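Here the structure is laid out as structure tokens; the discussion comes afterwards.
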Amino acid sequence: FPTEEEVERYHMWMKFDYQYDRTTSASGDWNVQCLDSSYFGSTWNALHKVLPMRKKGQKANFFPTRWFIAEEVTAVPYVAGVSGSKVMRDGTHLSSVYLHGVASGMLTLATGGRSFVGDQPPYDVSTPTWQKWHARRTGYVLAWRLA
């Protein structure tokens with residue numbers, strides 16, 4: 001979680017419950033926190049990490065990544081060459097499709113509900129274009145329900 005100096009420097013703080021790469025902008029306008037991969041899960045993290053930050057007056061958003069993954073995998077299961085996308089592109093990183101969904105959810109929270117889904121392409125669960133659109137839609141819907 002942010003130090004006092006980081007709270008002063010960054011304009012926005014997003015808390016996740018899945019580990020990603022850390023990126024820090026030199027301008028101090030954006031920070032993707034190195035994430036908590038605790039096995040306690042989204043509810044525990046929201047209750048014990050995010051809510052205390054908000055009670056102290058810090059601006060904090062929470063996007064439950066594992067919940068998003070579960071929603072997307074359930075809606076569009078991966079069957080090689082037939083439908084869906086793999087969740088992970090390698091042993092550490094989410095696939096491009098799932099990153100689209102996470103980004104959509106994060107941006108929805110950060111902008112107070114704006115949609116970054118885009119127009120629905122022709123229905124074909126085997127194409128990356130439709131898969132990315134669907135993941136963005138899932139991320140948006142989940143963030144909207146949490147906002």
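All residue names refer to the structure tokens as shown: chains lettered A, B, ... in order, residues numbered from 1 in each chain, ligands numbered from 1 in order.
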Each residue of region 94-113 of chain A with at least one atom at most 12 Å from region 65-68 of chain A should appear once, together with its nearest atom pair and the corresponding distance in Å (one decimal); atoms considered: only C-alpha atoms; ordering: chain, then increasing residue number; output as a Markdown table.
| residue | atom | partner | partner_atom | distance |
| --- | --- | --- | --- | --- |
| A:Leu94 | CA | A:Thr65 | CA | 10.6 |
| A:Tyr98 | CA | A:Phe68 | CA | 8.8 |
| A:Leu99 | CA | A:Thr65 | CA | 10.1 |
| A:His100 | CA | A:Phe68 | CA | 11.4 |
| A:Gly101 | CA | A:Phe68 | CA | 7.9 |
| A:Val102 | CA | A:Thr65 | CA | 6.9 |
| A:Ala103 | CA | A:Thr65 | CA | 10.4 |
| A:Ser104 | CA | A:Phe68 | CA | 10.9 |
| A:Gly105 | CA | A:Phe68 | CA | 8.8 |
| A:Met106 | CA | A:Thr65 | CA | 9.8 |
**Request:** Might you pull out every residue within 7 Å of Val97 (chain A), with only C-alpha atoms counted and same-chain residues fewer than 5 positions away left off, and present them as a PyMOL selection string?
**Result:** chain A and resi 85+131-132+135
With a distance cut-off of 12 Å and only C-alpha atoms, select the neighbouring residues of Pro121 (chain A), excluding the residue or stretch itself and same-chain residues fewer than 5 positions from it, and output the selection as a CSV table (one decimal) with N, CA, C and O atoms, in the first residue's frame.
chain,number,residue,atom,x,y,z
A,127,THR,N,-12.9,-15.5,-32.3
A,127,THR,CA,-12.0,-14.4,-32.8
A,127,THR,C,-11.5,-13.5,-31.6
A,127,THR,O,-12.2,-13.2,-30.7
A,128,PRO,N,-10.2,-13.1,-31.7
A,128,PRO,CA,-9.7,-12.2,-30.7
A,128,PRO,C,-10.4,-10.9,-30.6
A,128,PRO,O,-10.6,-10.4,-29.5
A,129,THR,N,-11.0,-10.4,-31.7
A,129,THR,CA,-11.7,-9.1,-31.6
A,129,THR,C,-12.9,-9.2,-30.8
A,129,THR,O,-13.2,-8.4,-29.9
A,130,TRP,N,-13.7,-10.3,-31.0
A,130,TRP,CA,-14.9,-10.5,-30.2
A,130,TRP,C,-14.5,-10.8,-28.7
A,130,TRP,O,-15.2,-10.3,-27.8
A,131,GLN,N,-13.5,-11.7,-28.5
A,131,GLN,CA,-13.1,-12.0,-27.2
A,131,GLN,C,-12.7,-10.8,-26.4
A,131,GLN,O,-13.0,-10.6,-25.2
A,132,LYS,N,-11.9,-9.9,-27.0
A,132,LYS,CA,-11.5,-8.6,-26.3
A,132,LYS,C,-12.7,-7.8,-26.0
A,132,LYS,O,-12.8,-7.2,-24.9
A,133,TRP,N,-13.6,-7.7,-26.9
A,133,TRP,CA,-14.8,-6.9,-26.7
A,133,TRP,C,-15.6,-7.4,-25.5
A,133,TRP,O,-16.0,-6.7,-24.6
A,134,HIS,N,-15.7,-8.8,-25.5
A,134,HIS,CA,-16.5,-9.4,-24.4
A,134,HIS,C,-15.8,-9.2,-23.0
A,134,HIS,O,-16.5,-8.9,-22.0
**Message:** Report as a list in words all protein, DNA and RNA residues lying within 8 Å of Phe116 (chain A), evaluated on only C-alpha atoms, omitting residues in the same chain fewer than 6 positions from it.
**Reply:**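 Once the nearby chain positions are removed, what remains is Ser104, Leu107, Thr108, Arg136 and Tyr140 of chain A.
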Filtering to C-alpha atoms, could you give me those residues as a PDB file, in the first residue's frame?
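Result file is selection.pdb:
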ATOM      1  CA  SER A 104     -11.910  -1.625 -18.917  1.00  0.00           C
ATOM      2  CA  LEU A 107     -10.943   2.808 -16.244  1.00  0.00           C
ATOM      3  CA  THR A 108     -14.643   2.510 -15.427  1.00  0.00           C
ATOM      4  CA  ARG A 136     -14.039  -5.310 -21.832  1.00  0.00           C
ATOM      5  CA  TYR A 140     -17.168  -2.756 -17.265  1.00  0.00           C
TER       6      TYR A 140
END
**Request:** Identify all residues of region 50-93 of chain A in alpha helix (DSSP H) (DSSP on the backbone) and supply them as a list in words.
**Result:** Leu51, Pro52, Met53, Arg54, Lys55, Thr65, Arg66, Trp67, Phe68, Ile69, Ala70, Glu71, Glu72, Val73, Thr74 and Ala75 of chain A
Write the selection just made, keeping C-alpha atoms, as a PDB file, in the first residue's frame?
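Just written: result09.pdb:
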ATOM      1  CA  LEU A  51     -11.902   0.446   3.258  1.00  0.00           C
ATOM      2  CA  PRO A  52      -9.383   1.673   5.870  1.00  0.00           C
ATOM      3  CA  MET A  53      -7.679   3.750   3.141  1.00  0.00           C
ATOM      4  CA  ARG A  54     -11.014   5.336   2.178  1.00  0.00           C
ATOM      5  CA  LYS A  55     -11.892   6.018   5.815  1.00  0.00           C
ATOM      6  CA  THR A  65      -9.354  -9.294 -10.629  1.00  0.00           C
ATOM      7  CA  ARG A  66      -9.985 -12.894  -9.625  1.00  0.00           C
ATOM      8  CA  TRP A  67     -13.725 -12.226  -9.618  1.00  0.00           C
ATOM      9  CA  PHE A  68     -13.403 -10.741 -13.113  1.00  0.00           C
ATOM     10  CA  ILE A  69     -11.456 -13.801 -14.309  1.00  0.00           C
ATOM     11  CA  ALA A  70     -14.118 -16.125 -12.887  1.00  0.00           C
ATOM     12  CA  GLU A  71     -16.900 -14.149 -14.596  1.00  0.00           C
ATOM     13  CA  GLU A  72     -15.130 -14.154 -17.974  1.00  0.00           C
ATOM     14  CA  VAL A  73     -14.078 -17.816 -17.866  1.00  0.00           C
ATOM     15  CA  THR A  74     -17.649 -18.805 -16.967  1.00  0.00           C
ATOM     16  CA  ALA A  75     -19.173 -16.724 -19.771  1.00  0.00           C
TER      17      ALA A  75
END
**Prompt:** For the atom pair CA of Gly113 (chain A) and CA of Arg137 (chain A), what is the interatomic distance in Å to one decimal place?
**Reply:** 12.6 Å
**Complete:** The distance between CA of Val125 (chain A) and CA of Lys86 (chain A) is 12.7 Å
**Prompt:** Hey, can you check how far CA of Phe63 (chain A) sits from CA of Leu146 (chain A)?
**Reply:**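 Separation of CA of Phe63 (chain A) and CA of Leu146 (chain A): 8.2 Å.
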